[in-house]
$ cat structure.tsv   # TSV, C-alpha atoms (C1' of nucleotides)
chain	number	residue	atom	x	y	z
Q	949	MET	CA	-50.83	-92.55	-11.61
Q	950	PRO	CA	-51.42	-93.76	-15.19
Q	951	ASP	CA	-50.20	-97.17	-16.30
Q	952	ALA	CA	-47.83	-95.73	-18.87
Q	953	GLU	CA	-46.00	-93.65	-16.28
Q	954	LEU	CA	-45.82	-96.61	-13.91
Q	955	LEU	CA	-44.35	-98.67	-16.72
Q	956	ARG	CA	-41.59	-96.09	-17.04
Q	957	LEU	CA	-40.99	-95.99	-13.28
Q	958	ASP	CA	-40.92	-99.77	-13.23
Q	959	HIS	CA	-38.39	-99.65	-15.99
Q	960	GLN	CA	-36.23	-97.43	-13.81
Q	961	VAL	CA	-36.61	-99.31	-10.53
Q	962	CYS	CA	-36.15	-102.82	-11.80
Q	963	PHE	CA	-33.31	-101.68	-13.98
Q	964	SER	CA	-31.68	-99.88	-11.02
Q	965	LEU	CA	-31.72	-102.98	-8.91
Q	966	HIS	CA	-30.55	-105.20	-11.72
Q	967	ALA	CA	-27.75	-102.79	-12.57
Q	968	ALA	CA	-26.69	-102.30	-8.96
Q	969	SER	CA	-26.56	-106.02	-8.39
Q	970	ARG	CA	-24.34	-106.48	-11.42
Q	971	ALA	CA	-22.18	-103.48	-10.56
Q	972	PHE	CA	-21.57	-104.97	-7.11
Q	973	GLY	CA	-20.82	-108.29	-8.72
Q	974	GLY	CA	-18.24	-106.71	-10.97
Q	975	VAL	CA	-16.36	-104.96	-8.17
Q	976	TYR	CA	-16.48	-108.06	-5.99
Q	977	ARG	CA	-15.13	-110.01	-8.93
Q	978	ASP	CA	-12.06	-107.79	-8.98
Q	979	ALA	CA	-11.67	-107.80	-5.21
Q	980	LEU	CA	-11.96	-111.57	-5.03
Q	981	LYS	CA	-9.85	-112.46	-8.03
Q	982	ASP	CA	-6.72	-112.81	-5.89
Q	983	LEU	CA	-8.54	-115.22	-3.59
Q	984	GLY	CA	-9.71	-117.31	-6.51
Q	985	LEU	CA	-13.34	-116.94	-5.43
Q	986	THR	CA	-16.46	-115.87	-7.27
Q	987	TYR	CA	-19.01	-113.66	-5.54
Q	988	PRO	CA	-21.43	-116.49	-4.64
Q	989	GLN	CA	-18.52	-118.66	-3.53
Q	990	TYR	CA	-17.44	-115.80	-1.27
Q	991	LEU	CA	-20.94	-115.71	0.24
Q	992	VAL	CA	-20.69	-119.41	1.04
Q	993	MET	CA	-17.24	-118.94	2.59
Q	994	LEU	CA	-18.56	-116.04	4.72
Q	995	VAL	CA	-21.26	-118.34	6.07
Q	996	LEU	CA	-18.72	-121.06	6.86
Q	997	TRP	CA	-16.26	-118.63	8.46
Q	998	GLU	CA	-19.02	-117.21	10.63
Q	999	HIS	CA	-20.99	-120.32	11.58
Q	1000	GLY	CA	-18.60	-123.24	11.18
Q	1001	PRO	CA	-19.41	-126.72	9.84
Q	1002	GLN	CA	-23.00	-127.09	8.73
Q	1003	PRO	CA	-25.14	-129.13	6.33
Q	1004	VAL	CA	-25.81	-127.99	2.76
Q	1005	LYS	CA	-29.41	-127.41	3.77
Q	1006	THR	CA	-28.44	-124.79	6.35
Q	1007	ILE	CA	-26.17	-122.94	3.95
Q	1008	GLY	CA	-29.03	-122.89	1.50
Q	1009	GLU	CA	-31.39	-121.41	4.06
Q	1010	ARG	CA	-28.94	-118.71	5.07
Q	1011	LEU	CA	-28.29	-117.67	1.46
Q	1012	ARG	CA	-31.67	-118.62	0.01
Q	1013	LEU	CA	-30.00	-120.92	-2.48
Q	1014	ASP	CA	-31.11	-124.43	-3.41
Q	1015	SER	CA	-29.11	-127.58	-4.00
Q	1016	GLY	CA	-29.20	-127.04	-7.75
Q	1017	THR	CA	-26.97	-124.02	-7.19
Q	1018	LEU	CA	-25.03	-125.18	-4.14
Q	1019	SER	CA	-24.09	-128.71	-5.15
Q	1020	PRO	CA	-21.89	-127.77	-8.11
Q	1021	LEU	CA	-20.60	-124.65	-6.30
Q	1022	LEU	CA	-19.51	-126.70	-3.27
Q	1023	LYS	CA	-17.96	-129.27	-5.55
Q	1024	ARG	CA	-15.81	-126.50	-7.05
Q	1025	LEU	CA	-14.84	-125.25	-3.59
Q	1026	GLU	CA	-13.90	-128.82	-2.70
Q	1027	THR	CA	-11.81	-129.18	-5.85
Q	1028	ALA	CA	-10.08	-125.91	-4.91
Q	1029	GLY	CA	-9.22	-127.52	-1.57
Q	1030	LEU	CA	-11.17	-125.02	0.54
Q	1031	VAL	CA	-13.93	-127.24	1.95
Q	1032	ARG	CA	-14.59	-130.87	2.72
Q	1033	ARG	CA	-17.98	-132.56	2.33
Q	1034	GLU	CA	-18.99	-135.69	4.15
Q	1035	ARG	CA	-22.19	-137.57	4.76
Q	1036	SER	CA	-23.45	-137.21	8.28
Q	1037	SER	CA	-23.38	-140.47	10.21
Q	1038	GLU	CA	-26.58	-139.73	12.17
Q	1039	ASP	CA	-28.55	-138.77	9.06
Q	1040	GLU	CA	-27.23	-140.29	5.88
Q	1041	ARG	CA	-29.29	-137.84	3.79
Q	1042	SER	CA	-27.38	-134.87	5.10
Q	1043	VAL	CA	-23.97	-133.70	3.90
Q	1044	THR	CA	-21.89	-131.64	6.31
Q	1045	VAL	CA	-19.66	-128.98	4.80
Q	1046	GLN	CA	-16.60	-127.86	6.70
Q	1047	LEU	CA	-13.54	-125.75	6.02
Q	1048	THR	CA	-10.18	-127.32	5.32
Q	1049	PRO	CA	-7.12	-125.64	6.89
Q	1050	ALA	CA	-6.62	-123.84	3.56
Q	1051	GLY	CA	-10.21	-122.63	3.65
Q	1052	ASP	CA	-9.76	-121.42	7.19
Q	1053	GLU	CA	-6.56	-119.58	6.32
Q	1054	LEU	CA	-8.24	-117.84	3.41
Q	1055	ARG	CA	-10.30	-115.85	5.94
Q	1056	ALA	CA	-7.28	-113.72	6.86
Q	1057	ARG	CA	-6.77	-112.78	3.21
Q	1058	ALA	CA	-10.47	-111.96	2.86
Q	1059	LEU	CA	-10.52	-109.54	5.79
Q	1060	PRO	CA	-9.51	-106.45	3.76
Q	1061	VAL	CA	-12.17	-107.08	1.09
Q	1062	PRO	CA	-15.13	-105.44	2.88
Q	1063	ARG	CA	-13.20	-102.23	3.46
Q	1064	ARG	CA	-12.36	-102.07	-0.23
Q	1065	MET	CA	-16.00	-102.65	-1.09
Q	1066	LEU	CA	-17.20	-100.05	1.38
Q	1067	ALA	CA	-14.89	-97.50	-0.18
Q	1068	ALA	CA	-16.00	-98.46	-3.69
Q	1069	THR	CA	-19.68	-97.85	-2.92
Q	1070	GLY	CA	-18.98	-94.26	-1.87
Q	1071	LEU	CA	-21.54	-94.62	0.93
Q	1072	THR	CA	-21.09	-94.12	4.65
Q	1073	ILE	CA	-21.68	-97.03	7.00
Q	1074	GLU	CA	-24.89	-95.30	8.04
Q	1075	GLU	CA	-26.13	-95.15	4.46
Q	1076	LEU	CA	-25.14	-98.76	3.92
Q	1077	ARG	CA	-27.23	-99.79	6.89
Q	1078	THR	CA	-30.16	-97.77	5.54
Q	1079	LEU	CA	-29.82	-99.42	2.15
Q	1080	GLN	CA	-29.61	-102.81	3.79
Q	1081	GLY	CA	-32.75	-102.07	5.81
Q	1082	LEU	CA	-34.72	-101.03	2.73
Q	1083	LEU	CA	-33.56	-104.04	0.76
Q	1084	GLY	CA	-34.44	-106.32	3.65
Q	1085	ARG	CA	-37.98	-104.93	3.80
Q	1086	VAL	CA	-38.43	-105.32	0.06
Q	1087	THR	CA	-37.08	-108.85	0.08
Q	1088	SER	CA	-39.41	-109.99	2.87
Q	1089	ALA	CA	-42.40	-108.42	1.14
Q	1090	LEU	CA	-41.48	-109.98	-2.20
Q	1091	ASP	CA	-40.87	-113.39	-0.66
Q	1092	GLU	CA	-44.42	-113.38	0.67
Q	1093	ALA	CA	-45.91	-112.42	-2.70
L	380	MET	CA	-14.37	-100.45	13.02
L	381	PRO	CA	-12.39	-103.72	13.16
L	382	ASP	CA	-11.98	-105.87	10.05
L	383	ALA	CA	-13.85	-108.78	11.57
L	384	GLU	CA	-16.95	-106.68	12.20
L	385	LEU	CA	-16.75	-105.19	8.72
L	386	LEU	CA	-16.58	-108.71	7.35
L	387	ARG	CA	-19.84	-109.47	9.11
L	388	LEU	CA	-21.46	-106.24	7.86
L	389	ASP	CA	-20.24	-107.02	4.37
L	390	HIS	CA	-21.85	-110.40	4.68
L	391	GLN	CA	-25.12	-108.68	5.46
L	392	VAL	CA	-24.94	-105.94	2.83
L	393	CYS	CA	-23.80	-107.97	-0.12
L	394	PHE	CA	-26.17	-110.72	0.84
L	395	SER	CA	-29.06	-108.23	1.12
L	396	LEU	CA	-28.48	-106.94	-2.36
L	397	HIS	CA	-28.02	-110.38	-3.82
L	398	ALA	CA	-31.16	-111.63	-2.09
L	399	ALA	CA	-33.23	-108.59	-3.06
L	400	SER	CA	-32.20	-108.93	-6.68
L	401	ARG	CA	-33.22	-112.56	-6.73
L	402	ALA	CA	-36.45	-111.90	-4.84
L	403	PHE	CA	-37.38	-109.30	-7.46
L	404	GLY	CA	-36.47	-111.76	-10.17
L	405	GLY	CA	-38.74	-114.38	-8.69
L	406	VAL	CA	-41.78	-112.12	-8.51
L	407	TYR	CA	-41.14	-110.77	-12.00
L	408	ARG	CA	-40.88	-114.35	-13.19
L	409	ASP	CA	-44.42	-115.00	-11.97
L	410	ALA	CA	-45.75	-111.71	-13.30
L	411	LEU	CA	-44.19	-112.25	-16.73
L	412	LYS	CA	-44.97	-115.94	-17.13
L	413	ASP	CA	-48.22	-115.16	-18.96
L	414	LEU	CA	-46.34	-112.96	-21.41
L	415	GLY	CA	-43.75	-115.66	-22.07
L	416	LEU	CA	-40.93	-113.30	-21.11
L	417	THR	CA	-38.02	-113.63	-18.72
L	418	TYR	CA	-36.99	-110.68	-16.59
L	419	PRO	CA	-34.04	-109.63	-18.79
L	420	GLN	CA	-36.17	-110.10	-21.90
L	421	TYR	CA	-38.76	-107.80	-20.30
L	422	LEU	CA	-36.05	-105.19	-19.76
L	423	VAL	CA	-35.16	-105.35	-23.45
L	424	MET	CA	-38.81	-105.05	-24.44
L	425	LEU	CA	-39.23	-102.03	-22.12
L	426	VAL	CA	-36.36	-100.33	-23.93
L	427	LEU	CA	-37.86	-101.09	-27.32
L	428	TRP	CA	-41.35	-100.00	-26.28
L	429	GLU	CA	-39.98	-96.74	-24.96
L	430	HIS	CA	-37.36	-95.84	-27.55
L	431	GLY	CA	-38.35	-97.66	-30.72
L	432	PRO	CA	-36.01	-99.35	-33.24
L	433	GLN	CA	-32.35	-99.18	-32.27
L	434	PRO	CA	-29.08	-101.06	-32.79
L	435	VAL	CA	-27.97	-103.84	-30.44
L	436	LYS	CA	-25.18	-101.55	-29.27
L	437	THR	CA	-27.66	-98.94	-27.98
L	438	ILE	CA	-29.75	-101.54	-26.14
L	439	GLY	CA	-26.55	-102.74	-24.54
L	440	GLU	CA	-25.63	-99.24	-23.40
L	441	ARG	CA	-29.07	-98.61	-21.91
L	442	LEU	CA	-29.07	-101.90	-19.99
L	443	ARG	CA	-25.31	-102.24	-19.50
L	444	LEU	CA	-25.33	-105.61	-21.23
L	445	ASP	CA	-22.84	-106.82	-23.83
L	446	SER	CA	-23.34	-108.73	-27.05
L	447	GLY	CA	-22.49	-111.98	-25.32
L	448	THR	CA	-25.70	-111.63	-23.36
L	449	LEU	CA	-27.83	-109.77	-25.90
L	450	SER	CA	-27.14	-111.79	-29.04
L	451	PRO	CA	-28.68	-115.06	-27.83
L	452	LEU	CA	-31.42	-113.20	-25.92
L	453	LEU	CA	-32.47	-111.25	-29.02
L	454	LYS	CA	-32.35	-114.43	-31.05
L	455	ARG	CA	-34.85	-115.96	-28.64
L	456	LEU	CA	-37.10	-112.88	-28.86
L	457	GLU	CA	-36.91	-113.17	-32.64
L	458	THR	CA	-37.82	-116.86	-32.51
L	459	ALA	CA	-40.77	-115.90	-30.32
L	460	GLY	CA	-41.86	-113.50	-33.06
L	461	LEU	CA	-41.56	-110.35	-30.93
L	462	VAL	CA	-38.67	-108.58	-32.66
L	463	ARG	CA	-37.00	-108.41	-36.03
L	464	ARG	CA	-33.26	-107.93	-36.56
L	465	GLU	CA	-31.72	-106.58	-39.70
L	466	ARG	CA	-28.33	-105.32	-40.74
L	467	SER	CA	-28.19	-101.58	-41.14
L	468	SER	CA	-27.60	-100.51	-44.73
L	469	GLU	CA	-25.47	-97.48	-43.80
L	470	ASP	CA	-23.23	-99.44	-41.46
L	471	GLU	CA	-23.08	-103.13	-42.20
L	472	ARG	CA	-21.57	-103.83	-38.79
L	473	SER	CA	-24.68	-102.65	-37.02
L	474	VAL	CA	-27.87	-104.67	-36.49
L	475	THR	CA	-31.09	-102.75	-35.93
L	476	VAL	CA	-33.65	-104.35	-33.64
L	477	GLN	CA	-37.32	-103.45	-34.02
L	478	LEU	CA	-40.62	-104.70	-32.72
L	479	THR	CA	-42.90	-106.87	-34.82
L	480	PRO	CA	-46.65	-106.14	-34.62
L	481	ALA	CA	-46.85	-108.96	-32.05
L	482	GLY	CA	-44.09	-107.36	-30.02
L	483	ASP	CA	-45.86	-104.04	-30.14
L	484	GLU	CA	-49.17	-105.57	-29.07
L	485	LEU	CA	-47.51	-107.23	-26.11
L	486	ARG	CA	-47.04	-103.79	-24.58
L	487	ALA	CA	-50.75	-103.55	-23.72
L	488	ARG	CA	-50.60	-106.85	-21.85
L	489	ALA	CA	-47.47	-105.67	-20.00
L	490	LEU	CA	-49.06	-102.46	-18.70
L	491	PRO	CA	-50.55	-104.01	-15.53
L	492	VAL	CA	-47.23	-105.63	-14.53
L	493	PRO	CA	-45.63	-102.60	-12.80
L	494	ARG	CA	-48.68	-102.05	-10.59
L	495	ARG	CA	-48.48	-105.68	-9.48
L	496	MET	CA	-44.78	-105.30	-8.75
L	497	LEU	CA	-45.29	-102.07	-6.86
L	498	ALA	CA	-47.88	-103.77	-4.66
L	499	ALA	CA	-45.60	-106.76	-4.11
L	500	THR	CA	-42.72	-104.64	-2.81
L	501	GLY	CA	-44.88	-103.17	-0.06
L	502	LEU	CA	-43.19	-99.79	-0.58
L	503	THR	CA	-44.74	-96.44	-1.38
L	504	ILE	CA	-43.81	-94.70	-4.61
L	505	GLU	CA	-41.80	-92.25	-2.52
L	506	GLU	CA	-39.78	-95.06	-0.93
L	507	LEU	CA	-39.27	-96.67	-4.31
L	508	ARG	CA	-37.83	-93.43	-5.62
L	509	THR	CA	-35.53	-93.23	-2.59
L	510	LEU	CA	-34.36	-96.78	-3.13
L	511	GLN	CA	-33.80	-96.07	-6.78
L	512	GLY	CA	-31.77	-92.99	-5.91
L	513	LEU	CA	-29.56	-94.87	-3.47
L	514	LEU	CA	-29.02	-97.71	-5.90
L	515	GLY	CA	-28.20	-95.26	-8.66
L	516	ARG	CA	-25.55	-93.57	-6.52
L	517	VAL	CA	-24.01	-96.90	-5.57
L	518	THR	CA	-23.99	-98.12	-9.15
L	519	SER	CA	-22.25	-94.99	-10.46
L	520	ALA	CA	-19.66	-95.17	-7.71
L	521	LEU	CA	-19.04	-98.87	-8.31
L	522	ASP	CA	-18.81	-98.41	-12.05
L	523	GLU	CA	-16.00	-95.92	-11.54
L	524	ALA	CA	-14.10	-98.29	-9.23
J	260	DG	C1'	-42.70	-155.14	10.21
J	261	DG	C1'	-44.29	-152.88	5.96
J	262	DC	C1'	-46.06	-148.94	3.58
J	263	DC	C1'	-46.14	-144.03	2.51
J	264	DA	C1'	-45.21	-139.19	2.93
J	265	DT	C1'	-41.42	-136.25	3.86
J	266	DT	C1'	-36.75	-134.66	3.72
J	267	DT	C1'	-31.94	-133.98	1.84
J	268	DA	C1'	-28.81	-133.90	-2.02
J	269	DA	C1'	-27.79	-134.42	-6.50
J	270	DT	C1'	-28.80	-134.09	-11.44
J	271	DT	C1'	-30.67	-132.14	-15.79
J	272	DG	C1'	-31.98	-128.48	-18.67
J	273	DC	C1'	-32.50	-123.69	-19.81
J	274	DG	C1'	-31.45	-118.86	-19.60
J	275	DC	C1'	-28.50	-115.00	-18.01
J	276	DA	C1'	-23.69	-112.63	-17.07
J	277	DC	C1'	-19.31	-112.01	-18.45
J	278	DA	C1'	-14.49	-112.75	-20.16
J	279	DA	C1'	-11.98	-113.88	-24.14
J	280	DC	C1'	-11.85	-114.44	-28.80
J	281	DT	C1'	-13.42	-114.20	-33.80
J	282	DT	C1'	-15.30	-112.07	-37.93
J	283	DA	C1'	-16.59	-108.49	-40.70
J	284	DG	C1'	-17.00	-103.73	-41.67
J	285	DT	C1'	-15.39	-98.86	-40.98
J	286	DT	C1'	-12.18	-95.07	-40.23
J	287	DG	C1'	-8.02	-92.60	-40.23
J	288	DC	C1'	-3.44	-91.69	-41.29
J	289	DG	C1'	0.79	-91.71	-43.81
T	662	DC	C1'	-4.32	-95.99	-52.00
T	663	DG	C1'	-3.15	-99.27	-48.46
T	664	DC	C1'	-2.80	-100.72	-44.07
T	665	DA	C1'	-3.31	-100.41	-39.15
T	666	DA	C1'	-6.55	-99.29	-35.46
T	667	DC	C1'	-10.93	-99.48	-34.11
T	668	DT	C1'	-15.84	-100.89	-33.81
T	669	DA	C1'	-20.25	-103.95	-33.87
T	670	DA	C1'	-21.98	-108.51	-33.45
T	671	DG	C1'	-21.48	-112.98	-32.74
T	672	DT	C1'	-19.29	-117.25	-30.62
T	673	DT	C1'	-17.29	-120.07	-26.94
T	674	DG	C1'	-16.60	-121.48	-22.33
T	675	DT	C1'	-17.46	-121.07	-17.32
T	676	DG	C1'	-20.32	-120.21	-13.50
T	677	DC	C1'	-24.73	-118.82	-11.26
T	678	DG	C1'	-30.09	-119.31	-10.49
T	679	DC	C1'	-33.95	-121.91	-10.65
T	680	DA	C1'	-37.55	-125.33	-11.98
T	681	DA	C1'	-38.31	-130.10	-12.34
T	682	DT	C1'	-36.95	-134.56	-11.53
T	683	DT	C1'	-34.49	-138.43	-9.24
T	684	DA	C1'	-32.42	-141.18	-5.46
T	685	DA	C1'	-31.72	-142.34	-1.00
T	686	DA	C1'	-32.73	-142.03	3.84
T	687	DT	C1'	-35.91	-141.05	7.56
T	688	DG	C1'	-40.17	-141.02	10.34
T	689	DG	C1'	-44.89	-141.88	11.23
T	690	DC	C1'	-48.74	-144.84	11.24
T	691	DC	C1'	-51.37	-148.74	11.01
$ encode --input "structure.tsv" --output "structure tokens"
Amino acid sequence: MPDAELLRLDHQVCFSLHAASRAFGGVYRDALKDLGLTYPQYLVMLVLWEHGPQPVKTIGERLRLDSGTLSPLLKRLETAGLVRRERSSEDERSVTVQLTPAGDELRARALPVPRRMLAATGLTIEELRTLQGLLGRVTSALDEA
Amino acid sequence: MPDAELLRLDHQVCFSLHAASRAFGGVYRDALKDLGLTYPQYLVMLVLWEHGPQPVKTIGERLRLDSGTLSPLLKRLETAGLVRRERSSEDERSVTVQLTPAGDELRARALPVPRRMLAATGLTIEELRTLQGLLGRVTSALDEA
DNA sequence: GGCCATTTAATTGCGCACAACTTAGTTGCG
DNA sequence: CGCAACTAAGTTGTGCGCAATTAAATGGCC
């Protein structure tokens, strides 16, 4: 395949992913507005709801985000009264993040969000899993490169 | 399917997309470093290489970006000497963006980028097209919601 | 015990995304 | 014609993503 045609395909693929990511972001923005959460903040809350108290480091590994992104984000969640941060006593370098009662209660209000999102995508659960599988493969491959 | 399980699936799907988008961004960052372009700047250049001089509005429609994003981005491309912006004479509201000779010459150096990206994804061209198709469907559906 | 590499967070700086608003130019309608 | 509605860019403010740097704590090793 000639370079020029590849350049056009590249245009389409990278644009598709970029656009899809932003389209998702937009719909999540609407769905999460009532909860007062942004999309990345929602990701952090999902991790805390699912895995409980954990250090910043662990959250970063699960979401592939570094402290430059997480530190201010967590500070905003703390200001909103959803999480509490405290230095670990065993390892003074580590900061453990845990939900406040308000943060825990927010989970109930977040439960309907995924169903709304699922409907908005227009895909079946099967197709969603396929998409997720493809994206996972791509991400692993890209992470190695 | 119960809400709680959907919440977990949602975690996985939205995270997958978010992660894939950022993984792509990272690899593009490396591939484009030599050209002095960021990933969104590359998208704008692709549009200009393919479609020639056009108003900011048109670029925004093609990439689904608004003036709040494009204005400073185009200003940086202009500072870098890659594009020129000038008010249209027929419609003084409109600003036409066109490539400078340097911007045009950059195209040759960008030609090998897609092949590198294709290799980095580890997918065949067929799979890429499938992914693109799925993402396109999702994006249209989400845009309507 | 003292030194050094490593680890964990936080901070700084830059660019992108988007909402809300502003400014200037155009169009349409009475 | 004149004025309201609309349109194209730009500006401002907030938050995310990431590279680079800093600060503090830990662990290993002599």
$ closest_atom_pairs --input "structure.tsv" --of "chain J" --to "chain L" --cutoff "9 Å" --atoms "all atoms listed in the file" --output "tab-separated table"
residue	atom	partner	partner_atom	distance
J:DG274	C1'	L:Thr417	CA	8.4
J:DC275	C1'	L:Thr448	CA	6.9
J:DA276	C1'	L:Thr448	CA	6.7
J:DC277	C1'	L:Gly447	CA	7.6
J:DA283	C1'	L:Arg472	CA	7.1
J:DG284	C1'	L:Arg472	CA	5.4
J:DT285	C1'	L:Asp470	CA	7.9
$ write_last_selection --input "structure.tsv" --atoms "C-alpha atoms (C1' of nucleotides)" --output "tab-separated table (two decimals), in the coordinates of the input"
chain	number	residue	atom	x	y	z
J	274	DG	C1'	-31.45	-118.86	-19.60
J	275	DC	C1'	-28.50	-115.00	-18.01
J	276	DA	C1'	-23.69	-112.63	-17.07
J	277	DC	C1'	-19.31	-112.01	-18.45
J	283	DA	C1'	-16.59	-108.49	-40.70
J	284	DG	C1'	-17.00	-103.73	-41.67
J	285	DT	C1'	-15.39	-98.86	-40.98
$ residues_around --input "structure.tsv" --residues "Leu994 in chain Q" --least-positions-apart "2" --cutoff "10 Å" --atoms "all atoms listed in the file" --output "list in words"
Pro988, Gln989, Tyr990, Leu991, Val992, Leu996, Trp997, Glu998, His999, Gly1000, Arg1055 and Ala1058 of chain Q; Leu386, Arg387, Asp389, His390 and Gln391 of chain L
$ closest_atom_pairs --input "structure.tsv" --of "chain L" --to "chain T" --cutoff "12 Å" --atoms "all atoms listed in the file" --output "Markdown table"
| residue | atom | partner | partner_atom | distance |
| --- | --- | --- | --- | --- |
| L:His397 | CA | T:DG678 | C1' | 11.3 |
| L:Ala398 | CA | T:DG678 | C1' | 11.4 |
| L:Ser400 | CA | T:DG678 | C1' | 11.3 |
| L:Arg401 | CA | T:DG678 | C1' | 8.3 |
| L:Ala402 | CA | T:DG678 | C1' | 11.3 |
| L:Gly404 | CA | T:DG678 | C1' | 9.9 |
| L:Gly405 | CA | T:DC679 | C1' | 9.1 |
| L:Arg408 | CA | T:DC679 | C1' | 10.6 |
| L:Pro434 | CA | T:DA669 | C1' | 9.4 |
| L:Val435 | CA | T:DA670 | C1' | 8.2 |
| L:Lys436 | CA | T:DA669 | C1' | 7.2 |
| L:Thr437 | CA | T:DA669 | C1' | 10.7 |
| L:Gly439 | CA | T:DA669 | C1' | 11.3 |
| L:Asp445 | CA | T:DA670 | C1' | 9.8 |
| L:Ser446 | CA | T:DA670 | C1' | 6.5 |
| L:Gly447 | CA | T:DG671 | C1' | 7.6 |
| L:Thr448 | CA | T:DG671 | C1' | 10.4 |
| L:Leu449 | CA | T:DA670 | C1' | 9.6 |
| L:Ser450 | CA | T:DG671 | C1' | 6.9 |
| L:Pro451 | CA | T:DG671 | C1' | 9.0 |
| L:Leu453 | CA | T:DA670 | C1' | 11.7 |
| L:Lys454 | CA | T:DG671 | C1' | 11.1 |
| L:Arg464 | CA | T:DA670 | C1' | 11.7 |
| L:Glu465 | CA | T:DA670 | C1' | 11.7 |
| L:Arg466 | CA | T:DA670 | C1' | 10.2 |
| L:Ser467 | CA | T:DA669 | C1' | 11.0 |
| L:Asp470 | CA | T:DA669 | C1' | 9.3 |
| L:Glu471 | CA | T:DA669 | C1' | 8.8 |
| L:Arg472 | CA | T:DA669 | C1' | 5.1 |
| L:Ser473 | CA | T:DA669 | C1' | 5.6 |
| L:Val474 | CA | T:DA670 | C1' | 7.7 |
| L:Thr475 | CA | T:DA670 | C1' | 11.1 |
$ interface_residues --input "structure.tsv" --of "chain L" --to "chain Q" --cutoff "8 Å" --atoms "all atoms listed in the file" --output "number ranges by chain"
L: 382-383, 385-387, 389-400, 402-403, 406, 422, 425, 442-443, 490-494, 499-502, 507-508, 510-511, 513-515, 517-518, 520-522, 524
$ atom_distance --input "structure.tsv" --atom1 "CA of Leu485 in chain L" --atom2 "CA of Gln433 in chain L"
18.2 Å
$ atom_distance --input "structure.tsv" --atom1 "C1' of DT266 in chain J" --atom2 "CA of Glu1038 in chain Q"
14.2 Å
$ atom_distance --input "structure.tsv" --atom1 "CA of Glu1009 in chain Q" --atom2 "CA of Val1045 in chain Q"
14.0 Å
$ decode --input "structure.tsv" --residues "range 665-690 of chain T" --atoms "C-alpha atoms (C1' of nucleotides)" --output "PDB file, in the first residue's frame"
ATOM      1  C1'  DA T 665     -32.747  42.031  15.461  1.00  0.00           C
ATOM      2  C1'  DA T 666     -30.983  37.356  14.780  1.00  0.00           C
ATOM      3  C1'  DC T 667     -27.360  34.851  13.509  1.00  0.00           C
ATOM      4  C1'  DT T 668     -22.534  33.517  12.454  1.00  0.00           C
ATOM      5  C1'  DA T 669     -17.182  33.211  12.715  1.00  0.00           C
ATOM      6  C1'  DA T 670     -13.262  33.845  15.576  1.00  0.00           C
ATOM      7  C1'  DG T 671     -11.259  34.879  19.535  1.00  0.00           C
ATOM      8  C1'  DT T 672     -10.887  35.133  24.762  1.00  0.00           C
ATOM      9  C1'  DT T 673     -11.288  33.448  29.505  1.00  0.00           C
ATOM     10  C1'  DG T 674     -11.464  30.060  32.992  1.00  0.00           C
ATOM     11  C1'  DT T 675     -11.399  25.205  34.554  1.00  0.00           C
ATOM     12  C1'  DG T 676      -9.814  20.620  34.315  1.00  0.00           C
ATOM     13  C1'  DC T 677      -7.116  16.779  32.232  1.00  0.00           C
ATOM     14  C1'  DG T 678      -2.475  14.581  30.472  1.00  0.00           C
ATOM     15  C1'  DC T 679       2.179  14.379  30.598  1.00  0.00           C
ATOM     16  C1'  DA T 680       7.167  15.586  30.923  1.00  0.00           C
ATOM     17  C1'  DA T 681      10.464  17.281  34.041  1.00  0.00           C
ATOM     18  C1'  DT T 682      11.746  18.501  38.437  1.00  0.00           C
ATOM     19  C1'  DT T 683      11.656  18.551  43.562  1.00  0.00           C
ATOM     20  C1'  DA T 684      11.150  16.780  48.331  1.00  0.00           C
ATOM     21  C1'  DA T 685      10.841  13.434  51.566  1.00  0.00           C
ATOM     22  C1'  DA T 686      11.102   8.722  53.058  1.00  0.00           C
ATOM     23  C1'  DT T 687      12.886   4.088  52.528  1.00  0.00           C
ATOM     24  C1'  DG T 688      16.170   0.274  51.802  1.00  0.00           C
ATOM     25  C1'  DG T 689      20.484  -1.712  50.676  1.00  0.00           C
ATOM     26  C1'  DC T 690      25.315  -1.935  51.147  1.00  0.00           C
TER      27       DC T 690
END
